[in-house]
2 protein chains.
Amino acid sequence: MQGKAPLDSTDIRILRCLRKNARISNKDLARQVGLAPSSCLERVRRLRLARVLTGYHADVDPNVLGIGLQAMVAVRLSRHVRSDVDAFEAHLARLPEVVTLFHVAGANDYLVHVAVRDSSHLRDLALTAFTERPEVDHIETQLIFHHQRNHELPVYLDLDDDE
Amino acid sequence: MQGKAPLDSTDIRILRCLRKNARISNKDLARQVGLAPSSCLERVRRLRLARVLTGYHADVDPNVLGIGLQAMVAVRLSRHVRSDVDAFEAHLARLPEVVTLFHVAGANDYLVHVAVRDSSHLRDLALTAFTERPEVDHIETQLIFHHQRNHELPVYLDLDDDE
DNA sequence: CATGAAATGTTTCAAAA
DNA sequence: TTTTGAAACATTTCATG
């Protein structure tokens with residue numbers, strides 16, 4: 001008896017299918033992974049409860065929402081004390097313009113992917129949300145020409161298929 | 001009659017709900033946006049056909065898949081001719097380790113978010129997939145301590161609710 | 001993990017406002 | 001465009017093998 005059950009190849013197939021299309025019906029999912037619908041449904045429920053599956057999200061065309069420009073803002077903080085780090089992250093997490101916040105080790109402290117209306121919106125955001133913050137020492141903005149996500153699952157596991 | 005129908009506030013509510021939870025049932029979605037199930041279903045179908053909704057993807061805990069390390073690799077190309085750019089992007093798009101590829105304007109040409117098993121995997125990837133490529137002039141790798149996505153929808157539109 | 005049965009939800013369609 | 005209602009199909013839960 002183990003605390004966290006290891007994944008087998010069927011679990012991985014389920015995760016791959018739901019990653020490709022999160023709105024696949026349970027019947028189709030069951031057929032694709034070679035299970036009965038009831039067994040498949042129970043697997044998916046287990047994977048959600050175990051927090052292996054952490055969420056399902058629709059992708060929306062940014063242009064349709066009025067997002068005309070995206071950028072990566074590299075941020076260097078003045079001091080690296082816990083209170084500054086926490087305050088800065090909490091602040092950014094509440095901005096609608098922030099798509100993803102990367103906390104990194106290197107020349108910069110953060111890489112912040114932002115989505116804005118246009119260049120004047122970006123300028124306002126750079127001032128208001130970054131430069132004028134007391135924790136921030138320096139920022140550098142790079143425009144994003146385009147970006148593409150990879151929706152395949154990288155799996156670096158030895159699977160437990162026989163127990 | 002217009003080529004592409006503008007979105008109204010109900011469409012936006014649908015997009016927000018599906019972004020928060022792509023596996024919500026049509027009945028619940030209809031209730032949350034204040035439509036009959038049949039009308040709601042037709043809206044969602046329209047939004048998919050119009051490529052406003054571009055996909056639905058499950059999120060999976062990286063640790064469970066054996067991903068022990070993530071990094072952002074900044075890449076500068078030697079020459080910026082179309083053939084090199086296309087070859088490099090096509091190459092990266094086929095790597096399972098690549099999570100997102102950002103093509104940017106600035107000091108670097110690309111920011112590549114990668115997910116690997118461990119530091120030796122990252123070292124191999126840096127050599128094989130980047131440094132040894134003829135198009136690549138220079139790379140700089142930053143470890144990602146953690147990153148958080150924002151699943152709210154930024155909407156910068158004047159909505160068309162009365163026609 | 002599979003089967004089968006029962007309750008609930010989904011999907012499509014025609015008709016009407 | 002949206003709603004309603006009806007019919008066909010799918011989902012979900014549960015008891016049983």
# chains A, B, ... in the order shown; residues from 1 in each chain; ligands from 1
call {"tool": "calpha_fit_and_write", "arguments": {"fixed": "chain A", "moving": "chain B", "output": "PDB file with C-alpha atoms, in the first residue's frame"}}
result
ATOM      1  CA  MET B   1      -0.111   0.019  -0.039  1.00  0.00           C
ATOM      2  CA  GLN B   2       1.435   3.287  -1.131  1.00  0.00           C
ATOM      3  CA  GLY B   3       0.666   6.889  -0.254  1.00  0.00           C
ATOM      4  CA  LYS B   4       0.527   8.139  -3.811  1.00  0.00           C
ATOM      5  CA  ALA B   5      -0.343   5.610  -6.456  1.00  0.00           C
ATOM      6  CA  PRO B   6       2.090   5.625  -9.387  1.00  0.00           C
ATOM      7  CA  LEU B   7       0.779   6.211 -12.874  1.00  0.00           C
ATOM      8  CA  ASP B   8       0.473   3.437 -15.421  1.00  0.00           C
ATOM      9  CA  SER B   9       0.426   3.746 -19.199  1.00  0.00           C
ATOM     10  CA  THR B  10      -3.370   3.993 -19.273  1.00  0.00           C
ATOM     11  CA  ASP B  11      -3.251   7.018 -16.963  1.00  0.00           C
ATOM     12  CA  ILE B  12      -0.708   8.634 -19.267  1.00  0.00           C
ATOM     13  CA  ARG B  13      -2.919   7.963 -22.286  1.00  0.00           C
ATOM     14  CA  ILE B  14      -5.823   9.606 -20.480  1.00  0.00           C
ATOM     15  CA  LEU B  15      -3.697  12.628 -19.614  1.00  0.00           C
ATOM     16  CA  ARG B  16      -2.488  12.948 -23.206  1.00  0.00           C
ATOM     17  CA  CYS B  17      -6.045  12.813 -24.573  1.00  0.00           C
ATOM     18  CA  LEU B  18      -7.369  15.383 -22.114  1.00  0.00           C
ATOM     19  CA  ARG B  19      -4.414  17.631 -22.804  1.00  0.00           C
ATOM     20  CA  LYS B  20      -5.132  17.513 -26.532  1.00  0.00           C
ATOM     21  CA  ASN B  21      -8.873  18.012 -26.069  1.00  0.00           C
ATOM     22  CA  ALA B  22     -10.227  18.655 -22.592  1.00  0.00           C
ATOM     23  CA  ARG B  23     -13.837  18.523 -23.778  1.00  0.00           C
ATOM     24  CA  ILE B  24     -13.671  15.029 -25.234  1.00  0.00           C
ATOM     25  CA  SER B  25     -16.665  12.953 -24.131  1.00  0.00           C
ATOM     26  CA  ASN B  26     -16.066  10.209 -21.597  1.00  0.00           C
ATOM     27  CA  LYS B  27     -17.277   7.629 -24.093  1.00  0.00           C
ATOM     28  CA  ASP B  28     -14.728   8.677 -26.726  1.00  0.00           C
ATOM     29  CA  LEU B  29     -11.989   8.954 -24.127  1.00  0.00           C
ATOM     30  CA  ALA B  30     -12.752   5.440 -22.897  1.00  0.00           C
ATOM     31  CA  ARG B  31     -12.622   4.092 -26.428  1.00  0.00           C
ATOM     32  CA  GLN B  32      -9.290   5.792 -27.175  1.00  0.00           C
ATOM     33  CA  VAL B  33      -7.590   4.425 -24.059  1.00  0.00           C
ATOM     34  CA  GLY B  34      -9.201   0.990 -24.272  1.00  0.00           C
ATOM     35  CA  LEU B  35     -11.364   1.020 -21.156  1.00  0.00           C
ATOM     36  CA  ALA B  36     -15.066   0.696 -20.389  1.00  0.00           C
ATOM     37  CA  PRO B  37     -16.689   4.122 -19.876  1.00  0.00           C
ATOM     38  CA  SER B  38     -17.274   3.492 -16.179  1.00  0.00           C
ATOM     39  CA  SER B  39     -13.641   2.531 -15.541  1.00  0.00           C
ATOM     40  CA  CYS B  40     -12.404   5.465 -17.525  1.00  0.00           C
ATOM     41  CA  LEU B  41     -14.585   7.886 -15.606  1.00  0.00           C
ATOM     42  CA  GLU B  42     -13.259   6.576 -12.322  1.00  0.00           C
ATOM     43  CA  ARG B  43      -9.660   6.993 -13.484  1.00  0.00           C
ATOM     44  CA  VAL B  44     -10.285  10.604 -14.438  1.00  0.00           C
ATOM     45  CA  ARG B  45     -11.925  11.246 -11.071  1.00  0.00           C
ATOM     46  CA  ARG B  46      -8.934   9.708  -9.286  1.00  0.00           C
ATOM     47  CA  LEU B  47      -6.492  11.804 -11.309  1.00  0.00           C
ATOM     48  CA  ARG B  48      -8.393  14.961 -10.390  1.00  0.00           C
ATOM     49  CA  LEU B  49      -8.573  14.055  -6.696  1.00  0.00           C
ATOM     50  CA  ALA B  50      -4.852  13.272  -6.666  1.00  0.00           C
ATOM     51  CA  ARG B  51      -4.206  16.722  -8.209  1.00  0.00           C
ATOM     52  CA  VAL B  52      -2.494  15.135 -11.201  1.00  0.00           C
ATOM     53  CA  LEU B  53      -5.120  16.820 -13.373  1.00  0.00           C
ATOM     54  CA  THR B  54      -5.108  20.369 -12.043  1.00  0.00           C
ATOM     55  CA  GLY B  55      -7.546  22.107 -14.381  1.00  0.00           C
ATOM     56  CA  TYR B  56      -9.165  22.465 -17.779  1.00  0.00           C
ATOM     57  CA  HIS B  57      -8.883  25.743 -19.682  1.00  0.00           C
ATOM     58  CA  ALA B  58     -10.239  27.025 -22.988  1.00  0.00           C
ATOM     59  CA  ASP B  59      -7.894  28.931 -25.286  1.00  0.00           C
ATOM     60  CA  VAL B  60      -9.265  32.132 -26.773  1.00  0.00           C
ATOM     61  CA  ASP B  61      -7.925  34.063 -29.778  1.00  0.00           C
ATOM     62  CA  PRO B  62      -6.211  37.146 -28.272  1.00  0.00           C
ATOM     63  CA  ASN B  63      -6.972  39.382 -31.256  1.00  0.00           C
ATOM     64  CA  VAL B  64     -10.696  38.917 -30.784  1.00  0.00           C
ATOM     65  CA  LEU B  65     -10.385  40.260 -27.226  1.00  0.00           C
ATOM     66  CA  GLY B  66      -8.662  43.448 -28.353  1.00  0.00           C
ATOM     67  CA  ILE B  67      -5.166  42.259 -27.414  1.00  0.00           C
ATOM     68  CA  GLY B  68      -3.030  43.932 -30.063  1.00  0.00           C
ATOM     69  CA  LEU B  69       0.353  43.499 -28.430  1.00  0.00           C
ATOM     70  CA  GLN B  70       2.165  41.079 -26.159  1.00  0.00           C
ATOM     71  CA  ALA B  71       5.498  41.519 -24.434  1.00  0.00           C
ATOM     72  CA  MET B  72       7.959  39.886 -22.073  1.00  0.00           C
ATOM     73  CA  VAL B  73       9.060  42.208 -19.287  1.00  0.00           C
ATOM     74  CA  ALA B  74      12.325  41.249 -17.556  1.00  0.00           C
ATOM     75  CA  VAL B  75      12.422  42.601 -14.010  1.00  0.00           C
ATOM     76  CA  ARG B  76      15.286  43.049 -11.565  1.00  0.00           C
ATOM     77  CA  LEU B  77      14.355  43.779  -7.957  1.00  0.00           C
ATOM     78  CA  SER B  78      16.303  46.165  -5.724  1.00  0.00           C
ATOM     79  CA  ARG B  79      16.440  43.843  -2.737  1.00  0.00           C
ATOM     80  CA  HIS B  80      15.699  40.156  -2.598  1.00  0.00           C
ATOM     81  CA  VAL B  81      14.062  39.970   0.783  1.00  0.00           C
ATOM     82  CA  ARG B  82      11.038  37.770   1.213  1.00  0.00           C
ATOM     83  CA  SER B  83       8.663  40.661   1.911  1.00  0.00           C
ATOM     84  CA  ASP B  84       9.528  42.428  -1.352  1.00  0.00           C
ATOM     85  CA  VAL B  85       9.322  39.245  -3.369  1.00  0.00           C
ATOM     86  CA  ASP B  86       5.921  38.346  -1.923  1.00  0.00           C
ATOM     87  CA  ALA B  87       4.530  41.866  -2.331  1.00  0.00           C
ATOM     88  CA  PHE B  88       5.661  42.069  -5.936  1.00  0.00           C
ATOM     89  CA  GLU B  89       4.236  38.681  -6.881  1.00  0.00           C
ATOM     90  CA  ALA B  90       0.931  39.394  -5.173  1.00  0.00           C
ATOM     91  CA  HIS B  91       0.710  42.691  -7.013  1.00  0.00           C
ATOM     92  CA  LEU B  92       1.356  41.147 -10.429  1.00  0.00           C
ATOM     93  CA  ALA B  93      -0.978  38.217  -9.850  1.00  0.00           C
ATOM     94  CA  ARG B  94      -3.906  40.650  -9.637  1.00  0.00           C
ATOM     95  CA  LEU B  95      -3.218  42.423 -12.942  1.00  0.00           C
ATOM     96  CA  PRO B  96      -5.383  41.296 -15.865  1.00  0.00           C
ATOM     97  CA  GLU B  97      -2.563  42.118 -18.285  1.00  0.00           C
ATOM     98  CA  VAL B  98      -0.274  39.477 -16.764  1.00  0.00           C
ATOM     99  CA  VAL B  99      -0.524  36.181 -18.643  1.00  0.00           C
ATOM    100  CA  THR B 100       2.302  34.275 -16.945  1.00  0.00           C
ATOM    101  CA  LEU B 101       4.759  35.203 -14.224  1.00  0.00           C
ATOM    102  CA  PHE B 102       8.127  33.415 -14.249  1.00  0.00           C
ATOM    103  CA  HIS B 103      10.324  33.698 -11.165  1.00  0.00           C
ATOM    104  CA  VAL B 104      13.814  32.949 -12.446  1.00  0.00           C
ATOM    105  CA  ALA B 105      17.422  32.648 -11.304  1.00  0.00           C
ATOM    106  CA  GLY B 106      19.906  34.609 -13.385  1.00  0.00           C
ATOM    107  CA  ALA B 107      20.516  38.162 -14.504  1.00  0.00           C
ATOM    108  CA  ASN B 108      16.834  38.960 -13.882  1.00  0.00           C
ATOM    109  CA  ASP B 109      14.436  38.035 -11.116  1.00  0.00           C
ATOM    110  CA  TYR B 110      11.216  37.838 -13.121  1.00  0.00           C
ATOM    111  CA  LEU B 111      10.041  37.381 -16.658  1.00  0.00           C
ATOM    112  CA  VAL B 112       6.492  38.631 -17.017  1.00  0.00           C
ATOM    113  CA  HIS B 113       4.437  37.790 -20.081  1.00  0.00           C
ATOM    114  CA  VAL B 114       1.871  40.562 -20.565  1.00  0.00           C
ATOM    115  CA  ALA B 115      -0.994  41.064 -23.041  1.00  0.00           C
ATOM    116  CA  VAL B 116      -2.072  44.638 -23.763  1.00  0.00           C
ATOM    117  CA  ARG B 117      -4.229  46.650 -26.148  1.00  0.00           C
ATOM    118  CA  ASP B 118      -1.492  48.661 -27.858  1.00  0.00           C
ATOM    119  CA  SER B 119       1.851  50.352 -27.328  1.00  0.00           C
ATOM    120  CA  SER B 120       0.429  53.152 -25.193  1.00  0.00           C
ATOM    121  CA  HIS B 121      -1.208  50.575 -22.962  1.00  0.00           C
ATOM    122  CA  LEU B 122       2.167  48.842 -22.649  1.00  0.00           C
ATOM    123  CA  ARG B 123       3.857  52.128 -21.773  1.00  0.00           C
ATOM    124  CA  ASP B 124       1.287  52.849 -19.036  1.00  0.00           C
ATOM    125  CA  LEU B 125       1.636  49.323 -17.685  1.00  0.00           C
ATOM    126  CA  ALA B 126       5.440  49.516 -17.640  1.00  0.00           C
ATOM    127  CA  LEU B 127       5.269  52.678 -15.561  1.00  0.00           C
ATOM    128  CA  THR B 128       2.364  51.876 -13.276  1.00  0.00           C
ATOM    129  CA  ALA B 129       2.913  48.191 -12.649  1.00  0.00           C
ATOM    130  CA  PHE B 130       6.706  48.018 -12.785  1.00  0.00           C
ATOM    131  CA  THR B 131       8.926  51.097 -12.831  1.00  0.00           C
ATOM    132  CA  GLU B 132       6.986  53.015 -10.178  1.00  0.00           C
ATOM    133  CA  ARG B 133       6.975  50.079  -7.740  1.00  0.00           C
ATOM    134  CA  PRO B 134       9.477  50.532  -4.893  1.00  0.00           C
ATOM    135  CA  GLU B 135      10.659  46.893  -5.103  1.00  0.00           C
ATOM    136  CA  VAL B 136      11.687  47.281  -8.748  1.00  0.00           C
ATOM    137  CA  ASP B 137      15.225  48.276  -9.675  1.00  0.00           C
ATOM    138  CA  HIS B 138      15.166  47.895 -13.451  1.00  0.00           C
ATOM    139  CA  ILE B 139      13.010  46.534 -16.273  1.00  0.00           C
ATOM    140  CA  GLU B 140      13.641  45.608 -19.878  1.00  0.00           C
ATOM    141  CA  THR B 141      10.801  45.058 -22.300  1.00  0.00           C
ATOM    142  CA  GLN B 142      10.852  42.752 -25.324  1.00  0.00           C
ATOM    143  CA  LEU B 143       7.976  42.700 -27.792  1.00  0.00           C
ATOM    144  CA  ILE B 144       6.623  39.267 -28.640  1.00  0.00           C
ATOM    145  CA  PHE B 145       6.244  38.759 -32.390  1.00  0.00           C
ATOM    146  CA  HIS B 146       4.493  35.491 -31.826  1.00  0.00           C
ATOM    147  CA  HIS B 147       4.547  32.541 -29.511  1.00  0.00           C
ATOM    148  CA  GLN B 148       3.426  28.937 -29.766  1.00  0.00           C
ATOM    149  CA  ARG B 149       2.597  26.534 -26.992  1.00  0.00           C
ATOM    150  CA  ASN B 150       3.325  22.851 -27.235  1.00  0.00           C
ATOM    151  CA  HIS B 151       0.349  20.808 -26.071  1.00  0.00           C
ATOM    152  CA  GLU B 152       2.133  17.479 -26.081  1.00  0.00           C
ATOM    153  CA  LEU B 153       2.925  16.013 -22.661  1.00  0.00           C
ATOM    154  CA  PRO B 154       6.609  15.452 -21.883  1.00  0.00           C
ATOM    155  CA  VAL B 155       6.735  12.303 -19.774  1.00  0.00           C
ATOM    156  CA  TYR B 156       9.997  11.288 -18.107  1.00  0.00           C
ATOM    157  CA  LEU B 157       8.725   8.350 -16.056  1.00  0.00           C
ATOM    158  CA  ASP B 158       9.245   4.631 -15.715  1.00  0.00           C
ATOM    159  CA  LEU B 159       5.624   3.514 -15.784  1.00  0.00           C
ATOM    160  CA  ASP B 160       4.228   0.937 -13.361  1.00  0.00           C
ATOM    161  CA  ASP B 161       2.141  -1.305 -15.576  1.00  0.00           C
ATOM    162  CA  ASP B 162       2.436  -4.584 -13.664  1.00  0.00           C
ATOM    163  CA  GLU B 163       1.966  -4.914  -9.930  1.00  0.00           C
TER     164      GLU B 163
END
call {"tool": "closest_atom_pairs", "arguments": {"of": "chain C", "to": "chain B", "cutoff": "9 Å", "atoms": "only C-alpha atoms (C1' of nucleotides)", "output": "Markdown table"}}
result
| residue | atom | partner | partner_atom | distance |
| --- | --- | --- | --- | --- |
| C:DG9 | C1' | B:Lys27 | CA | 7.6 |
| C:DT10 | C1' | B:Asn26 | CA | 7.7 |
| C:DT11 | C1' | B:Ser38 | CA | 8.4 |
call {"tool": "write_last_selection", "arguments": {"atoms": "all heavy atoms", "output": "PDB file, in the first residue's frame"}}
result
ATOM      1  P    DG C   9     -29.401  16.822 -14.075  1.00  0.00           P
ATOM      2  OP1  DG C   9     -28.644  17.712 -13.170  1.00  0.00           O
ATOM      3  OP2  DG C   9     -30.810  17.101 -14.441  1.00  0.00           O
ATOM      4  O5'  DG C   9     -28.575  16.677 -15.416  1.00  0.00           O
ATOM      5  C5'  DG C   9     -27.262  16.141 -15.382  1.00  0.00           C
ATOM      6  C4'  DG C   9     -26.662  16.140 -16.780  1.00  0.00           C
ATOM      7  O4'  DG C   9     -27.258  15.073 -17.539  1.00  0.00           O
ATOM      8  C3'  DG C   9     -26.879  17.414 -17.596  1.00  0.00           C
ATOM      9  O3'  DG C   9     -25.661  17.736 -18.258  1.00  0.00           O
ATOM     10  C2'  DG C   9     -27.993  17.035 -18.572  1.00  0.00           C
ATOM     11  C1'  DG C   9     -27.732  15.557 -18.776  1.00  0.00           C
ATOM     12  N9   DG C   9     -28.917  14.760 -19.114  1.00  0.00           N
ATOM     13  C8   DG C   9     -30.075  14.658 -18.385  1.00  0.00           C
ATOM     14  N7   DG C   9     -30.961  13.859 -18.933  1.00  0.00           N
ATOM     15  C5   DG C   9     -30.341  13.415 -20.094  1.00  0.00           C
ATOM     16  C6   DG C   9     -30.804  12.534 -21.095  1.00  0.00           C
ATOM     17  O6   DG C   9     -31.886  11.954 -21.168  1.00  0.00           O
ATOM     18  N1   DG C   9     -29.856  12.356 -22.105  1.00  0.00           N
ATOM     19  C2   DG C   9     -28.622  12.957 -22.135  1.00  0.00           C
ATOM     20  N2   DG C   9     -27.839  12.670 -23.192  1.00  0.00           N
ATOM     21  N3   DG C   9     -28.171  13.769 -21.204  1.00  0.00           N
ATOM     22  C4   DG C   9     -29.084  13.962 -20.218  1.00  0.00           C
ATOM     23  P    DT C  10     -25.574  18.884 -19.383  1.00  0.00           P
ATOM     24  OP1  DT C  10     -24.216  19.437 -19.300  1.00  0.00           O
ATOM     25  OP2  DT C  10     -26.752  19.762 -19.256  1.00  0.00           O
ATOM     26  O5'  DT C  10     -25.681  18.096 -20.750  1.00  0.00           O
ATOM     27  C5'  DT C  10     -24.744  17.059 -21.007  1.00  0.00           C
ATOM     28  C4'  DT C  10     -24.854  16.582 -22.439  1.00  0.00           C
ATOM     29  O4'  DT C  10     -26.115  15.913 -22.629  1.00  0.00           O
ATOM     30  C3'  DT C  10     -24.788  17.676 -23.515  1.00  0.00           C
ATOM     31  O3'  DT C  10     -23.954  17.172 -24.557  1.00  0.00           O
ATOM     32  C2'  DT C  10     -26.251  17.836 -23.935  1.00  0.00           C
ATOM     33  C1'  DT C  10     -26.769  16.408 -23.780  1.00  0.00           C
ATOM     34  N1   DT C  10     -28.210  16.220 -23.526  1.00  0.00           N
ATOM     35  C2   DT C  10     -28.929  15.391 -24.349  1.00  0.00           C
ATOM     36  O2   DT C  10     -28.433  14.813 -25.299  1.00  0.00           O
ATOM     37  N3   DT C  10     -30.263  15.244 -24.026  1.00  0.00           N
ATOM     38  C4   DT C  10     -30.934  15.839 -22.975  1.00  0.00           C
ATOM     39  O4   DT C  10     -32.127  15.635 -22.783  1.00  0.00           O
ATOM     40  C5   DT C  10     -30.121  16.706 -22.156  1.00  0.00           C
ATOM     41  C7   DT C  10     -30.750  17.406 -20.999  1.00  0.00           C
ATOM     42  C6   DT C  10     -28.812  16.857 -22.461  1.00  0.00           C
ATOM     43  P    DT C  11     -23.307  18.186 -25.634  1.00  0.00           P
ATOM     44  OP1  DT C  11     -21.993  17.616 -26.004  1.00  0.00           O
ATOM     45  OP2  DT C  11     -23.417  19.581 -25.149  1.00  0.00           O
ATOM     46  O5'  DT C  11     -24.271  18.007 -26.883  1.00  0.00           O
ATOM     47  C5'  DT C  11     -24.394  16.721 -27.466  1.00  0.00           C
ATOM     48  C4'  DT C  11     -25.581  16.677 -28.385  1.00  0.00           C
ATOM     49  O4'  DT C  11     -26.792  16.643 -27.616  1.00  0.00           O
ATOM     50  C3'  DT C  11     -25.730  17.888 -29.323  1.00  0.00           C
ATOM     51  O3'  DT C  11     -25.482  17.414 -30.635  1.00  0.00           O
ATOM     52  C2'  DT C  11     -27.180  18.360 -29.104  1.00  0.00           C
ATOM     53  C1'  DT C  11     -27.812  17.153 -28.435  1.00  0.00           C
ATOM     54  N1   DT C  11     -28.973  17.405 -27.534  1.00  0.00           N
ATOM     55  C2   DT C  11     -30.130  16.684 -27.731  1.00  0.00           C
ATOM     56  O2   DT C  11     -30.262  15.858 -28.619  1.00  0.00           O
ATOM     57  N3   DT C  11     -31.131  16.965 -26.837  1.00  0.00           N
ATOM     58  C4   DT C  11     -31.098  17.880 -25.806  1.00  0.00           C
ATOM     59  O4   DT C  11     -32.070  18.027 -25.087  1.00  0.00           O
ATOM     60  C5   DT C  11     -29.864  18.605 -25.665  1.00  0.00           C
ATOM     61  C7   DT C  11     -29.736  19.628 -24.579  1.00  0.00           C
ATOM     62  C6   DT C  11     -28.862  18.336 -26.529  1.00  0.00           C
TER      63       DT C  11
END
call {"tool": "atom_distance", "arguments": {"atom1": "C1' of DT11 (chain D)", "atom2": "C1' of DA2 (chain C)"}}
result
16.8 Å
call {"tool": "interface_residues", "arguments": {"of": "chain D", "to": "chain B", "cutoff": "9 Å", "atoms": "only C-alpha atoms (C1' of nucleotides)", "output": "list in words"}}
result
DT1, DT2 and DT3 of chain D
call {"tool": "residues_around", "arguments": {"residues": "DG4 (chain C)", "least_positions_apart": "2", "cutoff": "10 Å", "atoms": "only C-alpha atoms (C1' of nucleotides)", "output": "PDB file with N, CA, C and O atoms (P, O5', C5', C4', C3', O3' and C1' of nucleotides), in the first residue's frame"}}
result
ATOM      1  P    DA C   2     -12.334  -2.471 -18.533  1.00  0.00           P
ATOM      2  O5'  DA C   2     -13.577  -3.412 -18.191  1.00  0.00           O
ATOM      3  C5'  DA C   2     -13.449  -4.807 -18.367  1.00  0.00           C
ATOM      4  C4'  DA C   2     -14.824  -5.467 -18.291  1.00  0.00           C
ATOM      5  C3'  DA C   2     -15.907  -4.785 -19.133  1.00  0.00           C
ATOM      6  O3'  DA C   2     -16.660  -5.790 -19.781  1.00  0.00           O
ATOM      7  C1'  DA C   2     -16.556  -4.826 -16.846  1.00  0.00           C
ATOM      8  P    DA C   6     -33.998  -0.637 -14.425  1.00  0.00           P
ATOM      9  O5'  DA C   6     -33.857   0.760 -13.687  1.00  0.00           O
ATOM     10  C5'  DA C   6     -33.215   0.824 -12.407  1.00  0.00           C
ATOM     11  C4'  DA C   6     -32.838   2.262 -12.104  1.00  0.00           C
ATOM     12  C3'  DA C   6     -33.859   3.284 -12.622  1.00  0.00           C
ATOM     13  O3'  DA C   6     -34.041   4.302 -11.647  1.00  0.00           O
ATOM     14  C1'  DA C   6     -31.724   3.739 -13.513  1.00  0.00           C
TER      15       DA C   6
ATOM     16  P    DA D  15     -24.828   0.838  -4.073  1.00  0.00           P
ATOM     17  O5'  DA D  15     -25.344  -0.610  -4.485  1.00  0.00           O
ATOM     18  C5'  DA D  15     -26.563  -0.731  -5.216  1.00  0.00           C
ATOM     19  C4'  DA D  15     -26.526  -1.981  -6.066  1.00  0.00           C
ATOM     20  C3'  DA D  15     -25.900  -3.201  -5.388  1.00  0.00           C
ATOM     21  O3'  DA D  15     -26.673  -4.349  -5.709  1.00  0.00           O
ATOM     22  C1'  DA D  15     -24.760  -2.762  -7.387  1.00  0.00           C
ATOM     23  P    DT D  16     -26.321  -5.793  -4.978  1.00  0.00           P
ATOM     24  O5'  DT D  16     -25.544  -6.565  -6.119  1.00  0.00           O
ATOM     25  C5'  DT D  16     -26.169  -6.752  -7.389  1.00  0.00           C
ATOM     26  C4'  DT D  16     -25.175  -7.331  -8.359  1.00  0.00           C
ATOM     27  C3'  DT D  16     -24.377  -8.532  -7.836  1.00  0.00           C
ATOM     28  O3'  DT D  16     -24.682  -9.676  -8.623  1.00  0.00           O
ATOM     29  C1'  DT D  16     -23.002  -7.003  -9.006  1.00  0.00           C
TER      30       DT D  16
END
call {"tool": "select_by_dssp", "arguments": {"residues": "region 14-124 of chain A", "states": "strand (DSSP E or B)", "output": "PyMOL selection string"}}
result
chain A and resi 53-60+69-77+98-105+110-116
call {"tool": "atom_distance", "arguments": {"atom1": "C1' of DT3 (chain C)", "atom2": "C1' of DA10 (chain D)"}}
result
16.8 Å
